[in-house]
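**Student:** Sharing a structure with you now.
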Amino acid sequence: MRVGLLIAIEKELKAFLESGGEITQERVNGRTVYRAEIGGNQVFALCSGAGEIDAASGTQLLITKYDCEVMLNFGVTGALDPALQVEDLFVVRKARHYDFDTSAFDDAMPNQYQGMPDAFLPLDGGLMEKAKAMAPELREAVVASGDKFVEDRTEKNRLRALGCDICDMEIAAIARVCLLSGVRCLSIKCISDTYEGGSGDFLTNVERSAKAAFRVLRAILEKA
């Protein structure tokens with residue numbers, strides 16, 4: 001299977017690069033794409049940079065250039081629920097792009113994309129169930145996804161009230177591009193900063209939390 005792997009930042013990319021096995025690389029349109037074989041799958045990985053725009057362009061590049069059948073993502077995430085702890089692991093069920101809103105000029109609700117039934121972007125349910133069966137430690141999560149690092153507790157409470165458990169800066173873009181391209185999508189997230197924490201916790205925990213998320217994703221690929 002041809003698999004795209006979208007990684008947001010270099011501190012997360014390290015988990016992939018240091019995981020063992022032969023990895024080659026090439027430059028495509030000014031970006032570095034890494035190739036590896038995991039569990040008999042051809043994996044094409046790209047570190048996009050943080051944020052929805054860079055994630056969307058990186059996802060589309062992998063799909064278009066390498067004809068990927070599945071798009072995967074792993075990375076760290078912030079907690080919106082005070083009960084969640086560092087290194088808690090999740091599989092993403094759906095995402096809410098909380099700073100997208102066209103409701104001022106159409107009949108969509110805030111955060112709802114044209115053609116979608118509600119304000120959420122679903123990921124592939126079949127892949128999610130397979131991931132849970134292979135990695136029972138995974139819990140389902142709904143992600144609040146937008147172009148800012150969420151540190152303020154008032155904002156965390158607002159996003160949790162929208163039906164979200166965790167927050168990130170890329171998965172809405174990845175999910176949207178995959179929906180438009182007809183490509184299945186799976187995302188594994190690991191808590192780096194808790195509800196009480198912020199950027200300091202993120203910087204302290206990002207590398208080990210990313211490694212925890214990639215260990216699960218790699219195990220899923222090897223069993224697929």
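Residues are named by chain letter and number: chains run A, B, ... in the order of the structure tokens, numbers start at 1 in each chain, and ligands are numbered from 1 in the order shown.
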Once DSSP has gone over the backbone, tell me which residues of range 25-82 of chain A are in helix (DSSP H, G or I), as an NGL selection string.
**Tutor:** :A and (52-66)
**Student:** Taking 3 positions as the minimum chain separation for residues in the same chain, which residues sit within 8 Å of Ala210 in chain A when counting only C-alpha atoms? Answer as a list in words.
**Tutor:**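 Near Ala210 in chain A, the qualifying residues are Lys11, Glu12, Ala15, Phe74, Gly75, Val76, Cys190, Val206, Glu207, Ala213 and Phe214 of chain A.
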**Student:** What does the file look like for those residues with C-alpha atoms, as a CSV table (one decimal), in the first residue's frame?
**Tutor:**
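Contents of part_0.csv, as written:
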chain,number,residue,atom,x,y,z
A,11,LYS,CA,10.5,17.8,16.7
A,12,GLU,CA,7.9,15.3,15.7
A,15,ALA,CA,10.3,10.2,16.0
A,74,PHE,CA,0.8,11.5,14.1
A,75,GLY,CA,1.8,14.2,16.5
A,76,VAL,CA,1.3,15.9,19.8
A,190,CYS,CA,-0.5,12.1,22.1
A,206,VAL,CA,6.9,17.2,22.5
A,207,GLU,CA,9.7,14.8,21.6
A,213,ALA,CA,2.4,8.5,19.1
A,214,PHE,CA,4.6,7.2,16.3
**Student:** Which neighbours of Asp67 in chain A fall inside 10 Å, counting only C-alpha atoms, when residues of the same chain fewer than 2 positions from it are skipped, and could you give them as an NGL selection string?
**Tutor:** :A and (2-4 or 60-65 or 69-70 or 183)
**Student:** Could you save those same residues with C-alpha atoms as a PDB file, in the first residue's frame?
**Tutor:**
ATOM      1  CA  ARG A   2       1.178   3.522  -0.793  1.00  0.00           C
ATOM      2  CA  VAL A   3       0.912   5.578   2.392  1.00  0.00           C
ATOM      3  CA  GLY A   4       1.377   9.316   2.893  1.00  0.00           C
ATOM      4  CA  GLN A  60      -2.011  17.472  -1.375  1.00  0.00           C
ATOM      5  CA  LEU A  61       1.587  17.111  -2.553  1.00  0.00           C
ATOM      6  CA  LEU A  62       1.834  13.586  -1.112  1.00  0.00           C
ATOM      7  CA  ILE A  63      -1.516  12.553  -2.587  1.00  0.00           C
ATOM      8  CA  THR A  64      -0.859  14.017  -6.039  1.00  0.00           C
ATOM      9  CA  LYS A  65       2.832  13.210  -6.457  1.00  0.00           C
ATOM     10  CA  GLU A  69      -4.071   5.450  -1.037  1.00  0.00           C
ATOM     11  CA  VAL A  70      -4.071   6.372   2.654  1.00  0.00           C
ATOM     12  CA  VAL A 183      -8.298   9.402   0.312  1.00  0.00           C
TER      13      VAL A 183
END
**Student:** Which is closer to Leu159 in chain A than all the others in A:Ser103, A:Ser187, A:Ser199, A:Ser145, using only C-alpha atoms?
**Tutor:**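 For Leu159 in chain A, the nearest of the given residues is A:Ser145.
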**Student:** Please measure the separation of CA of Glu222 in chain A and CA of Asn41 in chain A, giving the value in Å to one decimal.
**Tutor:**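 Separating CA of Glu222 in chain A from CA of Asn41 in chain A is a distance of 8.3 Å.
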**Student:** I need the residues of range 42-191 of chain A that end up classed as strand (DSSP E) by DSSP on the backbone, written out as a count of residues only.
**Tutor:** 45
**Student:** Could you please determine the separation between CA of Lys148 in chain A and CA of Gly51 in chain A in Å, to one decimal place?
**Tutor:**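 A separation of 7.6 Å between them.
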**Student:** Taking 4 positions as the minimum chain separation for residues in the same chain, which residues sit within 12 Å of Leu89 in chain A when counting only C-alpha atoms? Answer as a PyMOL selection string.
**Tutor:** chain A and resi 74-79+84-85+131-132+135-141+165-166+187-192+209-217
**Student:** Give the answer as one residue: which of A:Thr102, A:Thr59, A:Arg93, A:Arg31 has the shortest atom-to-atom distance to Gly126 in chain A, using only C-alpha atoms?
**Tutor:** A:Arg93
**Student:** Using only C-alpha atoms for the distances, tell me which of A:Val150, A:Leu13, A:Leu5, A:Leu203 is nearest to Glu37 in chain A.
**Tutor:**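 Of all the options, A:Leu5 lies closest to Glu37 in chain A.
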**Student:** With a distance cut-off of 9 Å and only C-alpha atoms, select the neighbouring residues of Met169 in chain A, excluding the residue or stretch itself and same-chain residues fewer than 3 positions from it, and output the selection as an MDAnalysis selection string.
**Tutor:** chainID A and resid 8 50:52 55 77 144:149 172:173
**Student:** Quick one: of A:Phe16, A:Phe44, A:Tyr34, A:Tyr195, who's nearest to Met1 in chain A, counting only C-alpha atoms?
**Tutor:** A:Phe44
**Student:** If you measure from CA of Ala95 in chain A to CA of Leu121 in chain A, what distance in Å do you get, rounded to one decimal?
**Tutor:**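 Taking CA of Ala95 in chain A as the start and CA of Leu121 in chain A as the end point, the length is 5.1 Å.
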**Student:** Do you know which residues are at most 8 Å from Phe120 in chain A counting only C-alpha atoms, after dropping those on the same chain fewer than 5 positions away, and could you put them as a PDB file with C-alpha atoms, in the first residue's frame?
**Tutor:**
ATOM      1  CA  LYS A  94     -13.376  13.948  13.672  1.00  0.00           C
ATOM      2  CA  ALA A  95     -12.066  17.515  13.689  1.00  0.00           C
ATOM      3  CA  ARG A  96     -13.621  20.943  14.010  1.00  0.00           C
ATOM      4  CA  HIS A  97     -11.874  23.796  12.174  1.00  0.00           C
ATOM      5  CA  ASN A 111     -17.135  25.973  11.260  1.00  0.00           C
ATOM      6  CA  GLN A 112     -19.272  24.089   8.703  1.00  0.00           C
TER       7      GLN A 112
END
**Student:** May I have the residues within 12 Å of Glu22 in chain A as a PyMOL selection string, using only C-alpha atoms and disregarding those fewer than 3 positions away in the same chain?
**Tutor:** chain A and resi 16-19+25+34-38+42-43
**Student:** Next, write the just-selected residues to a file, as an mmCIF file, in the first residue's frame, keeping C-alpha atoms as the atom set.
**Tutor:**
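And here's again.cif as it stands now:
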data_model
loop_
_atom_site.group_PDB
_atom_site.id
_atom_site.type_symbol
_atom_site.label_atom_id
_atom_site.label_comp_id
_atom_site.auth_asym_id
_atom_site.auth_seq_id
_atom_site.Cartn_x
_atom_site.Cartn_y
_atom_site.Cartn_z
ATOM 1 C CA PHE A 16 10.061 8.936 12.435
ATOM 2 C CA LEU A 17 13.679 9.507 11.426
ATOM 3 C CA GLU A 18 15.101 7.837 14.548
ATOM 4 C CA SER A 19 12.761 4.823 14.522
ATOM 5 C CA GLN A 25 14.918 11.335 0.809
ATOM 6 C CA TYR A 34 11.278 10.804 3.057
ATOM 7 C CA ARG A 35 10.714 7.257 1.793
ATOM 8 C CA ALA A 36 10.610 4.135 3.936
ATOM 9 C CA GLU A 37 9.068 0.681 3.944
ATOM 10 C CA ILE A 38 7.063 -0.289 7.026
ATOM 11 C CA GLN A 42 5.608 2.193 0.890
ATOM 12 C CA VAL A 43 5.607 5.243 3.160
#
